[in-house]
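As provided, target_29.txt (compact mmCIF, C-alpha atoms) reads as follows.
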```txt
# COMPACT_ATOMS: atom_id res chain seq x y z
CA MET A 200 21.86 -3.67 41.27
CA LEU A 201 21.66 -2.76 37.59
CA LEU A 202 24.98 -4.50 36.88
CA SER A 203 23.98 -7.68 38.69
CA PRO A 204 22.74 -10.64 36.58
CA PRO A 205 19.06 -10.02 37.49
CA GLY A 206 19.51 -6.28 36.90
CA LEU A 207 20.96 -6.85 33.43
CA VAL A 208 18.08 -9.15 32.51
CA TRP A 209 15.39 -6.71 33.71
CA THR A 210 17.11 -3.70 32.11
CA GLY A 211 17.47 -5.61 28.86
CA GLY A 212 13.83 -6.64 28.98
CA LEU A 213 12.72 -3.02 29.37
CA LEU A 214 14.87 -1.98 26.41
CA VAL A 215 13.40 -4.79 24.30
CA LEU A 216 9.85 -3.71 25.19
CA ALA A 217 10.79 -0.12 24.32
CA GLY A 218 12.15 -1.40 21.00
CA ALA A 219 8.84 -3.10 20.28
CA ALA A 220 7.02 0.17 20.92
CA PHE A 221 9.34 2.36 18.84
CA SER A 222 10.06 2.23 15.13
CA TRP A 223 11.89 -0.40 13.10
CA LEU A 224 12.33 1.61 9.90
CA GLN A 225 12.21 5.33 9.23
CA THR A 226 10.55 5.82 5.84
CA PRO A 227 10.82 9.02 3.79
CA LEU A 228 7.11 9.76 3.27
CA GLN A 229 5.55 8.18 6.36
CA GLY A 230 7.98 8.59 9.20
CA VAL A 231 8.05 5.05 10.57
CA ILE A 232 7.12 1.43 10.16
CA ARG A 233 6.54 0.54 13.78
CA GLY A 234 7.89 -2.59 15.43
CA TYR A 235 4.35 -3.87 15.73
CA ALA A 236 3.87 -3.50 11.97
CA TYR A 237 7.04 -5.19 10.68
CA PRO A 238 5.84 -8.64 9.56
CA ILE A 239 7.30 -12.00 10.46
CA GLY A 240 8.33 -14.08 7.47
CA SER A 241 7.96 -11.40 4.79
CA THR A 242 9.25 -8.00 3.75
CA PRO A 243 6.95 -4.97 4.06
CA ALA A 244 5.72 -3.35 0.87
CA LEU A 245 6.14 0.32 0.02
CA SER A 246 2.49 0.89 0.95
CA ASP A 247 3.33 -0.22 4.51
CA GLY A 248 5.67 2.76 4.74
CA LEU A 249 2.78 5.03 3.78
CA THR A 250 -0.13 3.64 5.81
CA ASN A 251 1.65 1.96 8.75
CA PRO A 252 -0.71 -1.03 9.29
CA VAL A 253 -0.82 -2.99 12.54
CA ARG A 254 -0.04 -6.71 12.32
CA PRO A 255 -0.41 -9.11 15.28
CA LEU A 256 2.22 -11.46 13.77
CA SER A 257 5.13 -9.05 13.90
CA PHE A 258 8.60 -8.66 15.36
CA ALA A 259 7.01 -6.97 18.37
CA LEU A 260 5.40 -10.32 19.22
CA LEU A 261 8.86 -11.93 19.28
CA CYS A 262 10.11 -9.14 21.57
CA VAL A 263 7.27 -9.57 24.05
CA LEU A 264 7.63 -13.36 24.01
CA ALA A 265 11.40 -13.14 24.66
CA VAL A 266 10.88 -10.75 27.60
CA ALA A 267 8.15 -12.99 29.03
CA LEU A 268 10.43 -16.04 28.89
CA ALA A 269 13.29 -14.11 30.49
CA ALA A 270 10.98 -12.91 33.28
CA VAL A 271 9.84 -16.49 33.94
CA GLY A 272 13.48 -17.53 34.17
CA ARG A 273 14.25 -14.86 36.76
CA VAL A 274 11.18 -15.66 38.89
CA TRP A 275 11.26 -19.47 38.61
CA THR A 276 14.64 -20.78 39.70
CA ARG A 277 14.25 -24.06 37.82
CA ALA A 278 14.16 -22.11 34.55
CA GLU A 279 17.17 -19.88 35.23
CA TRP A 280 18.49 -20.83 31.77
CA LEU A 281 15.61 -19.06 29.99
CA PRO A 282 17.04 -15.48 29.98
CA ARG A 283 20.23 -16.44 28.17
CA TYR A 284 18.43 -18.52 25.56
CA ALA A 285 15.68 -15.93 25.05
CA GLY A 286 18.21 -13.09 24.84
CA GLY A 287 20.56 -15.02 22.54
CA THR A 288 17.78 -16.06 20.17
CA LEU A 289 16.32 -12.57 20.00
CA LEU A 290 19.77 -11.06 19.43
CA ILE A 291 20.34 -13.35 16.43
CA VAL A 292 16.92 -12.44 15.00
CA VAL A 293 17.53 -8.73 15.46
CA LEU A 294 21.02 -8.86 13.94
CA ALA A 295 19.69 -10.87 11.00
CA LEU A 296 17.09 -8.19 10.17
CA PRO A 297 19.43 -5.57 8.58
CA MET A 298 21.47 -8.38 7.00
CA HIS A 299 18.27 -9.69 5.41
CA LEU A 300 17.37 -6.23 4.11
CA ILE A 301 20.87 -5.70 2.68
CA ALA A 302 21.25 -9.16 1.15
CA ASN A 303 17.76 -10.28 0.15
CA ALA A 304 15.42 -7.29 0.11
CA HIS A 305 16.91 -5.25 -2.73
CA ALA A 306 13.48 -4.45 -4.14
CA PHE A 307 12.21 -3.10 -0.82
CA VAL A 308 15.31 -0.99 -0.15
CA GLN A 309 15.08 0.34 -3.71
CA LEU A 310 11.43 1.24 -3.02
CA LEU A 311 12.55 3.20 0.03
CA VAL A 312 15.10 5.04 -2.12
CA ASP A 313 12.38 5.67 -4.73
CA GLN A 314 10.08 6.94 -1.99
CA GLY A 315 12.79 9.38 -0.97
CA ALA A 316 13.00 10.48 -4.62
CA GLU A 317 9.24 11.10 -4.64
CA ARG A 318 9.60 13.26 -1.54
CA GLU A 319 12.42 15.20 -3.20
CA ALA A 320 10.35 15.64 -6.39
CA ILE A 321 7.50 17.13 -4.33
CA ARG A 322 9.92 19.36 -2.43
CA THR A 323 11.51 20.64 -5.66
CA PHE A 324 8.19 21.21 -7.44
CA ALA A 325 6.88 23.14 -4.42
CA LEU A 326 9.43 25.84 -5.28
CA LEU A 327 7.52 26.46 -8.52
CA VAL A 328 4.10 26.82 -6.90
CA GLY A 329 4.98 28.40 -3.55
CA GLY A 330 4.22 25.28 -1.52
CA TYR A 331 5.33 24.85 2.08
CA SER A 332 7.04 21.56 1.10
CA ALA A 333 9.85 23.63 -0.38
CA THR A 334 10.96 24.41 3.19
CA ILE A 335 11.09 20.85 4.56
CA PRO A 336 14.59 19.43 5.14
CA GLU A 337 16.24 17.49 2.35
CA LEU A 338 16.42 13.74 2.92
CA SER A 339 19.05 11.99 0.84
CA LEU A 340 19.42 8.21 1.12
CA GLN A 341 22.73 6.62 0.14
CA GLY A 342 21.25 4.44 -2.61
CA THR A 343 21.64 0.81 -3.68
CA SER A 344 24.52 0.78 -6.15
CA SER A 345 26.49 -1.71 -4.00
CA PRO A 346 26.00 -3.75 -0.80
CA LEU A 347 27.97 -1.09 1.09
CA GLU A 348 25.65 1.66 -0.12
CA THR A 349 22.61 -0.55 0.47
CA GLY A 350 23.88 -1.21 3.99
CA ALA A 351 24.36 2.52 4.57
CA THR A 352 20.80 3.11 3.36
CA VAL A 353 19.41 0.39 5.64
CA PHE A 354 21.16 1.85 8.68
CA GLN A 355 19.96 5.32 7.67
CA VAL A 356 16.36 4.17 7.88
CA ILE A 357 16.57 1.77 10.84
CA GLY A 358 14.84 3.45 13.73
CA TYR A 359 15.67 3.67 17.42
CA GLY A 360 13.55 0.62 18.18
CA TRP A 361 16.01 -1.70 16.44
CA TRP A 362 18.90 -0.36 18.49
CA PHE A 363 16.93 -0.60 21.74
CA THR A 364 16.04 -4.20 20.97
CA CYS A 365 19.60 -5.08 19.97
CA TRP A 366 21.12 -3.72 23.19
CA GLY A 367 18.28 -5.11 25.27
CA ALA A 368 18.72 -8.62 23.88
CA ALA A 369 22.50 -8.40 24.48
CA LEU A 370 21.92 -7.40 28.13
CA MET A 371 19.45 -10.24 28.61
CA LEU A 372 22.03 -12.65 27.20
CA LEU A 373 24.81 -11.27 29.43
CA GLY A 374 22.60 -11.36 32.50
CA GLY A 375 21.74 -14.98 31.83
CA VAL A 376 25.38 -15.97 31.23
CA ALA A 377 26.79 -14.07 34.23
CA GLY A 378 25.62 -16.66 36.75
CA MET A 379 26.99 -19.68 34.86
CA GLY A 380 30.64 -19.47 35.85
CA THR A 381 33.56 -18.51 33.64
CA ARG A 382 34.13 -21.82 31.85
CA ARG A 383 30.50 -22.66 31.17
CA GLY A 384 29.74 -19.07 30.27
CA ASN A 385 32.58 -18.85 27.75
CA LEU A 386 31.51 -22.15 26.20
CA PHE A 387 27.91 -20.95 25.93
CA VAL A 388 28.92 -17.63 24.35
CA ALA A 389 31.23 -19.38 21.88
CA SER A 390 28.48 -21.82 20.90
CA TRP A 391 25.99 -19.03 20.44
CA LEU A 392 28.43 -17.03 18.33
CA GLY A 393 28.84 -20.06 16.09
CA ILE A 394 25.07 -20.36 15.71
CA ALA A 395 24.82 -16.63 14.95
CA LEU A 396 27.53 -16.84 12.28
CA ALA A 397 25.81 -19.84 10.70
CA VAL A 398 22.45 -18.04 10.60
CA LEU A 399 23.92 -14.81 9.22
CA SER A 400 25.90 -16.78 6.62
CA GLY A 401 22.71 -18.48 5.51
CA VAL A 402 20.94 -15.12 5.26
CA THR A 403 23.70 -13.47 3.24
CA GLY A 404 25.18 -16.41 1.31
CA ARG A 405 23.60 -15.92 -2.11
CA ALA A 406 24.01 -12.15 -1.94
CA THR A 407 27.70 -12.56 -1.09
CA LEU A 408 28.27 -14.70 -4.18
CA ALA A 409 26.29 -12.25 -6.31
CA GLU A 410 28.42 -9.40 -5.03
CA TYR A 411 31.58 -11.34 -5.85
CA TYR A 412 30.49 -11.69 -9.48
CA ARG A 413 29.29 -8.07 -9.62
CA LEU A 414 32.65 -6.77 -8.42
CA ARG A 415 34.40 -9.09 -10.86
CA GLY A 416 32.24 -7.62 -13.62
CA GLU A 417 33.00 -4.06 -12.51
CA GLY A 418 36.71 -4.81 -12.65
CA ALA A 419 36.43 -6.23 -16.16
CA TYR A 420 34.28 -3.27 -17.26
CA ALA A 421 36.90 -0.80 -16.00
CA LYS A 422 39.51 -2.58 -18.13
CA GLY A 423 37.30 -2.50 -21.22
CA GLN A 424 36.79 -6.29 -21.15
CA TYR A 425 33.07 -5.99 -21.83
CA GLY A 426 32.43 -9.62 -22.77
CA GLU A 427 33.90 -10.88 -19.51
CA ALA A 428 32.06 -8.14 -17.60
CA LEU A 429 28.72 -9.17 -19.11
CA ALA A 430 29.30 -12.82 -18.20
CA SER A 431 30.05 -11.84 -14.59
CA PHE A 432 27.00 -9.58 -14.38
CA ARG A 433 24.79 -12.40 -15.64
CA ALA A 434 26.30 -14.76 -13.06
CA ALA A 435 25.49 -12.19 -10.35
CA LEU A 436 21.93 -12.03 -11.64
CA ASP A 437 21.64 -15.82 -11.50
CA TRP A 438 22.62 -15.80 -7.85
CA LEU A 439 20.41 -12.82 -6.97
CA PRO A 440 17.47 -12.29 -9.38
CA ALA A 441 16.36 -9.24 -7.36
CA LEU A 442 19.14 -7.30 -9.10
CA ARG A 443 16.73 -6.97 -12.03
CA ASP A 444 15.10 -4.15 -10.04
CA ASN A 445 18.38 -2.50 -9.07
CA VAL A 446 18.72 0.76 -10.99
CA PHE A 447 22.52 0.94 -10.87
CA PHE A 448 23.05 -2.71 -11.78
CA GLN A 449 20.73 -2.48 -14.77
CA TYR A 450 22.43 0.75 -15.86
CA ARG A 451 25.82 -1.00 -15.81
CA VAL A 452 24.49 -4.02 -17.72
CA GLY A 453 22.99 -1.67 -20.31
CA ALA A 454 26.27 0.24 -20.63
CA THR A 455 28.17 -3.02 -21.10
CA LEU A 456 25.79 -4.17 -23.84
CA TYR A 457 26.02 -0.77 -25.53
CA TRP A 458 29.83 -0.90 -25.68
CA LEU A 459 29.55 -4.41 -27.09
CA GLY A 460 27.57 -2.91 -30.00
CA ASP A 461 24.08 -3.88 -28.77
CA ASN A 462 21.68 -0.95 -29.13
CA THR A 463 18.44 -2.93 -29.23
CA SER A 464 18.22 -5.02 -26.06
CA PRO A 465 15.96 -3.61 -23.30
CA ALA A 466 18.90 -3.02 -20.92
CA ALA A 467 20.86 -1.12 -23.59
CA ARG A 468 17.80 0.98 -24.43
CA MET A 469 17.37 1.80 -20.74
CA PHE A 470 20.98 2.96 -20.63
CA LEU A 471 20.45 5.17 -23.69
CA ALA A 472 17.18 6.56 -22.31
CA ASP A 473 18.81 7.47 -19.01
CA ASN A 474 21.54 9.46 -20.73
CA LEU A 475 19.08 11.13 -23.11
CA SER A 476 16.77 12.20 -20.27
CA LYS A 477 19.72 13.76 -18.43
CA GLN A 478 20.26 15.88 -21.54
CA LYS A 479 16.54 16.85 -21.51
CA GLU A 480 15.99 15.01 -24.82
CA TYR A 481 12.73 13.56 -23.52
CA ASP A 482 11.27 12.60 -26.89
CA LYS A 483 14.28 10.43 -27.80
CA ALA A 484 14.37 8.91 -24.31
CA GLU A 485 10.65 8.14 -24.59
CA LEU A 486 11.21 6.24 -27.83
CA GLN A 487 13.94 4.09 -26.26
CA LEU A 488 11.84 3.27 -23.21
CA LYS A 489 8.78 2.46 -25.29
CA LEU A 490 10.80 0.02 -27.38
CA ALA A 491 12.25 -1.52 -24.21
CA LEU A 492 8.76 -1.90 -22.77
CA ALA A 493 7.49 -3.45 -26.00
CA ALA A 494 10.23 -6.10 -25.70
CA GLU A 495 9.43 -6.75 -22.01
CA PRO A 496 5.80 -5.68 -21.49
CA GLU A 497 5.65 -7.21 -18.00
CA SER A 498 8.69 -5.29 -16.72
CA LYS A 499 7.53 -3.15 -13.82
CA PHE A 500 11.00 -1.60 -13.69
CA THR A 501 10.71 -0.29 -17.27
CA ARG A 502 7.16 0.95 -16.70
CA THR A 503 8.25 2.93 -13.67
CA LYS A 504 11.20 4.41 -15.56
CA LEU A 505 8.92 5.54 -18.39
CA ALA A 506 6.40 6.95 -15.90
CA SER A 507 9.16 8.91 -14.15
CA LEU A 508 10.31 10.24 -17.52
CA TYR A 509 6.78 11.50 -18.26
CA ALA A 510 6.58 13.08 -14.80
CA ASP A 511 9.86 14.97 -15.32
CA TRP A 512 8.84 15.91 -18.87
CA GLY A 513 5.60 17.32 -17.53
CA VAL A 514 7.44 19.48 -15.00
CA SER A 515 9.59 20.83 -17.81
CA ASN A 516 6.44 21.72 -19.78
CA PHE A 517 4.74 23.17 -16.67
CA LYS A 518 7.45 25.81 -16.43
CA LYS A 519 6.49 27.02 -19.91
CA GLU A 520 2.76 26.34 -20.15
CA HIS A 521 0.68 24.81 -17.35
CA VAL A 522 -1.77 22.96 -19.58
CA GLY A 523 1.07 21.35 -21.55
CA ALA A 524 2.10 19.33 -18.50
CA LEU A 525 -1.19 17.45 -18.10
CA PRO A 526 -0.85 14.94 -21.00
CA ARG A 527 2.60 13.91 -19.76
CA TRP A 528 1.42 13.43 -16.18
CA GLU A 529 -1.64 11.52 -17.38
CA GLY A 530 0.69 9.21 -19.29
CA ALA A 531 2.78 8.75 -16.15
CA ARG A 532 -0.30 7.87 -14.09
CA ASP A 533 -1.47 5.33 -16.68
CA LEU A 534 1.89 3.57 -16.42
CA ASP A 535 2.42 3.81 -12.67
CA PRO A 536 -0.46 5.16 -10.55
CA ASN A 537 1.69 4.78 -7.43
CA LEU A 538 3.99 7.73 -8.18
CA LEU A 539 3.29 9.88 -5.14
CA ARG A 540 4.39 13.13 -6.75
CA LEU A 541 1.59 13.03 -9.33
CA PRO A 542 -1.36 14.09 -7.09
CA TYR A 543 0.73 17.05 -5.92
CA PHE A 544 1.56 17.99 -9.51
CA PHE A 545 -2.01 17.61 -10.76
CA GLY A 546 -3.43 19.55 -7.82
CA ALA A 547 -1.13 22.51 -8.47
CA ALA A 548 -1.95 22.54 -12.20
CA TYR A 549 -5.72 22.22 -11.71
CA PHE A 550 -5.67 25.03 -9.14
CA LEU A 551 -4.12 27.38 -11.69
CA LEU A 552 -6.19 26.20 -14.68
CA ASP A 553 -9.65 25.93 -13.08
CA ASP A 554 -11.69 28.89 -11.93
CA ARG A 555 -14.28 28.61 -9.17
CA ASP A 556 -14.87 24.88 -9.69
CA GLN A 557 -11.95 23.45 -7.74
CA SER A 558 -13.28 19.89 -7.50
CA ARG A 559 -10.36 18.41 -9.45
CA THR A 560 -7.82 20.17 -7.24
CA ILE A 561 -9.55 19.06 -4.05
CA ALA A 562 -9.77 15.46 -5.26
CA GLU A 563 -6.06 15.29 -6.07
CA TYR A 564 -4.91 16.74 -2.77
CA GLY A 565 -7.34 14.47 -0.90
CA ARG A 566 -5.84 11.47 -2.72
CA LEU A 567 -2.34 12.50 -1.59
CA LEU A 568 -3.38 13.08 2.04
CA ALA A 569 -4.88 9.59 2.16
CA ARG A 570 -1.56 8.02 1.19
CA ILE A 571 1.24 9.78 3.08
CA GLY A 572 2.11 10.63 6.65
CA GLU A 573 5.06 13.01 6.16
CA ARG A 574 3.92 15.92 8.28
CA GLY A 575 5.74 18.63 6.38
CA VAL A 576 4.10 17.57 3.11
CA ARG A 577 0.73 17.10 4.84
CA ALA A 578 0.94 20.63 6.27
CA ASP A 579 1.64 21.91 2.76
CA VAL A 580 -1.21 19.97 1.15
CA HIS A 581 -3.72 21.11 3.80
CA GLY A 582 -2.65 24.69 3.12
CA LEU A 583 -3.01 24.23 -0.64
CA LEU A 584 -6.43 22.69 -0.03
CA GLY A 585 -7.31 25.81 1.92
CA ASN A 586 -6.35 27.92 -1.11
CA ALA A 587 -8.55 25.74 -3.34
CA TYR A 588 -11.54 26.00 -1.01
CA PHE A 589 -11.04 29.76 -0.77
CA LYS A 590 -10.94 30.07 -4.58
CA ALA A 591 -14.15 28.01 -4.70
CA HIS A 592 -15.78 30.44 -2.19
CA ARG A 593 -16.08 27.64 0.39
CA ASP A 594 -14.79 29.74 3.26
CA ALA A 595 -15.70 27.45 6.17
CA GLU A 596 -13.86 24.50 4.60
CA ALA A 597 -10.92 26.75 3.74
CA ARG A 598 -10.66 27.81 7.37
CA GLU A 599 -10.64 24.18 8.53
CA ALA A 600 -7.97 23.26 5.98
CA TYR A 601 -5.70 26.11 7.12
CA ARG A 602 -6.17 25.07 10.75
CA ALA A 603 -5.36 21.47 9.85
CA SER A 604 -2.21 22.69 8.14
CA MET A 605 -1.06 24.55 11.26
CA ALA A 606 -1.94 21.60 13.50
CA GLU A 607 0.27 19.07 11.70
CA ILE A 608 3.50 19.97 13.53
CA PRO A 609 4.23 22.70 16.12
CA LEU A 610 6.90 24.38 14.00
CA VAL A 611 4.34 25.06 11.31
CA LYS A 612 2.64 27.49 13.68
CA GLN A 613 5.72 29.69 13.42
CA LEU A 614 6.82 28.92 9.87
CA ASN A 615 3.67 28.18 7.88
CA LEU A 616 2.91 31.71 6.72
CA GLN A 617 0.72 30.34 3.94
CA ALA A 618 -1.82 28.95 6.42
CA GLN A 619 -1.56 31.98 8.72
CA LYS A 620 -2.28 34.39 5.85
CA GLY A 621 -5.19 32.23 4.78
CA LEU A 622 -6.77 32.34 8.25
CA ILE A 623 -6.21 36.08 8.53
CA GLY A 624 -7.85 36.54 5.15
CA LEU A 625 -10.89 34.61 6.36
```

Is it possible to give me this structure as structure tokens?
Amino acid sequence: MLLSPPGLVWTGGLLVLAGAAFSWLQTPLQGVIRGYAYPIGSTPALSDGLTNPVRPLSFALLCVLAVALAAVGRVWTRAEWLPRYAGGTLLIVVLALPMHLIANAHAFVQLLVDQGAEREAIRTFALLVGGYSATIPELSLQGTSSPLETGATVFQVIGYGWWFTCWGAALMLLGGVAGMGTRRGNLFVASWLGIALAVLSGVTGRATLAEYYRLRGEGAYAKGQYGEALASFRAALDWLPALRDNVFFQYRVGATLYWLGDNTSPAARMFLADNLSKQKEYDKAELQLKLALAAEPESKFTRTKLASLYADWGVSNFKKEHVGALPRWEGARDLDPNLLRLPYFFGAAYFLLDDRDQSRTIAEYGRLLARIGERGVRADVHGLLGNAYFKAHRDAEAREAYRASMAEIPLVKQLNLQAQKGLIGL
């Protein structure tokens, strides 16, 4: 029965509905953007990966509509063509989603990579302050240095819901085609494949041309033909302006300009700053980034790079003197208040610097809890809040914070010794 045309359609429909209920993207500091939250006609923002909003006009609506049409086609014999058209259309839409993210949503994929970097920064800093986040598993995304790496990143973060929907739509299509006869069925499948190729080509066309020029530029760069490389990189940027926010692309453009003798353009200064920061020469890197920002004051990319530099500089100072980190982190927050590591950093510093008045610590950790859903980090922050309440002699609130820490995920009940010790102490 399951392999019969009606069985394939009904099985596919159930998989599509399951896909609508499960996740579309796995995000580093939230867990998921659900199928019912992924918007139609736009790309989700980084904040959507942190707060997981519900949107009526979402891909889940398309899933439900496709299943409803297929069901009508199975029940009403005059509309027996509906399952194959509903399944074929949904399959094209679902296949186009990762292609769209790879080809046209560079900024969003880069934000996901940056979000993973924020998670890693919290995890690393937790080692300094004894936070539970130090024990959460490492999550390393492939990156965005090329379409292949971007594609690997996209498929790293695509959730089970996408796969359920993809297979479900394919089964609906096969179930609808199975009753057509060999000749008509083959003709229908061939026509639909042509439509799918046309749609996917339209989705990826500009990005494909941009990648051609980028690879051409990389080849020229490797040969030391920097003038030709720069021309190719600029052609790639013309085809895909989103590359302005691509860290690796901008690094390569800056390196090319540097080897051409240009030390003053914003891209060249970014290249110099990146190398200086790797050598822990934060003051020299700061100067380069400030000059780059002065030349392009509206560049969000440069602001974020400077903010990240201040955050790293502050951590370096924190290891020597806790109070010395605060001015750097305050500078980072002024430039980019969205850096998720900063509330964790500030909370740890305020806890050590302040005595019984722990209001600053509590405010910072509360700010972080309001913005993320990563349960390992949340368990840690609740435990650190418990420590702050305990230091402030607010024992009842400390007890609740420790219990909240242990309630985040079952494993914490065995592994979260910080919260267990806190409860025992109370």

If we count only C-alpha atoms, what is near Thr407 of chain A at a cut-off of 10 Å, once residues fewer than 5 positions away on the same chain are taken out, given as a list in words?
Ala302, Pro346, Ser400, Val402, Tyr412, Arg413, Ala435, Trp438 and Leu439 of chain A

Nearest to Leu214 of chain A, restricted to only C-alpha atoms and choosing among A:Tyr509, A:Trp362, A:Tyr331, A:Phe589, comes out as A:Trp362

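The gap separating atom CA of Ala606 of chain A from atom CA of Phe324 of chain A is 23.3 Å, in Å to one decimal.
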
At what distance in Å, to one decimal, does atom CA of Phe448 of chain A lie from atom CA of Thr352 of chain A?
16.4 Å

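Atom CA of Phe258 of chain A sits 14.3 Å away from atom CA of Gly367 of chain A.
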
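When only C-alpha atoms are used to measure the gap to Ala428 of chain A, the shortest distance among A:Arg415, A:His299, A:His521, A:Arg273 belongs to A:Arg415.
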
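Nearest-residue note for Gly426 of chain A: choosing from A:Ala603, A:Leu228, A:Leu459, A:Val356, the minimum distance belongs to A:Leu459, counting only C-alpha atoms.
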
Contacts of Glu573 of chain A at 8 Å or less, counting only C-alpha atoms, minus same-chain residues fewer than 4 places along, as a list of chain:residue names?
A:Pro227, A:Leu228, A:Gln229, A:Gly230, A:Arg577

Please return as a PDB file with C-alpha atoms, in the frame of the given file every residue within 8 Å of (-7.5, 18.7, -5.3), taking into account all atoms listed in the file and the file's own coordinates.
```
ATOM      1  CA  PRO A 542      -1.360  14.090  -7.090  1.00  0.00           C
ATOM      2  CA  PHE A 545      -2.010  17.610 -10.760  1.00  0.00           C
ATOM      3  CA  GLY A 546      -3.430  19.550  -7.820  1.00  0.00           C
ATOM      4  CA  TYR A 549      -5.720  22.220 -11.710  1.00  0.00           C
ATOM      5  CA  PHE A 550      -5.670  25.030  -9.140  1.00  0.00           C
ATOM      6  CA  GLN A 557     -11.950  23.450  -7.740  1.00  0.00           C
ATOM      7  CA  SER A 558     -13.280  19.890  -7.500  1.00  0.00           C
ATOM      8  CA  ARG A 559     -10.360  18.410  -9.450  1.00  0.00           C
ATOM      9  CA  THR A 560      -7.820  20.170  -7.240  1.00  0.00           C
ATOM     10  CA  ILE A 561      -9.550  19.060  -4.050  1.00  0.00           C
ATOM     11  CA  ALA A 562      -9.770  15.460  -5.260  1.00  0.00           C
ATOM     12  CA  GLU A 563      -6.060  15.290  -6.070  1.00  0.00           C
ATOM     13  CA  TYR A 564      -4.910  16.740  -2.770  1.00  0.00           C
ATOM     14  CA  GLY A 565      -7.340  14.470  -0.900  1.00  0.00           C
ATOM     15  CA  ARG A 566      -5.840  11.470  -2.720  1.00  0.00           C
ATOM     16  CA  LEU A 584      -6.430  22.690  -0.030  1.00  0.00           C
ATOM     17  CA  ALA A 587      -8.550  25.740  -3.340  1.00  0.00           C
TER      18      ALA A 587
END
```

Return the single residue from A:Cys365, A:Ala493, A:Leu290, A:Leu213 that is closest to Val263 of chain A, with distances computed using all atoms listed in the file.
A:Leu213

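Nearest residue to Ile335 of chain A, choosing from A:Ala295, A:Leu508, A:Leu264, A:Val576 and counting only C-alpha atoms: A:Val576.
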
Set the distance at 8 Å and use only C-alpha atoms: which residues neighbour Ala217 of chain A once local chain neighbours fewer than 5 positions away are removed? I'd like the list as a list of chain:residue names.
A:Gly360, A:Phe363, A:Thr364

Surrounding residues of segment 337-340 of chain A excluding itself and chain neighbours under 3 positions, 9 Å, only C-alpha atoms, as a PyMOL selection string:
chain A and resi 227+311-312+315-316+318-319+322+334+351-352+355-356

I'd like the contact shell of Ser344 of chain A - 9 Å cut-off, all atoms listed in the file, skipping same-chain residues fewer than 6 positions apart - returned as a PyMOL selection string.
chain A and resi 445-448

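Among the candidates A:Leu583, A:Leu538, A:Ala397, A:Ala377, the residue lying nearest to Gln314 of chain A is A:Leu538 (atoms considered: all atoms listed in the file).
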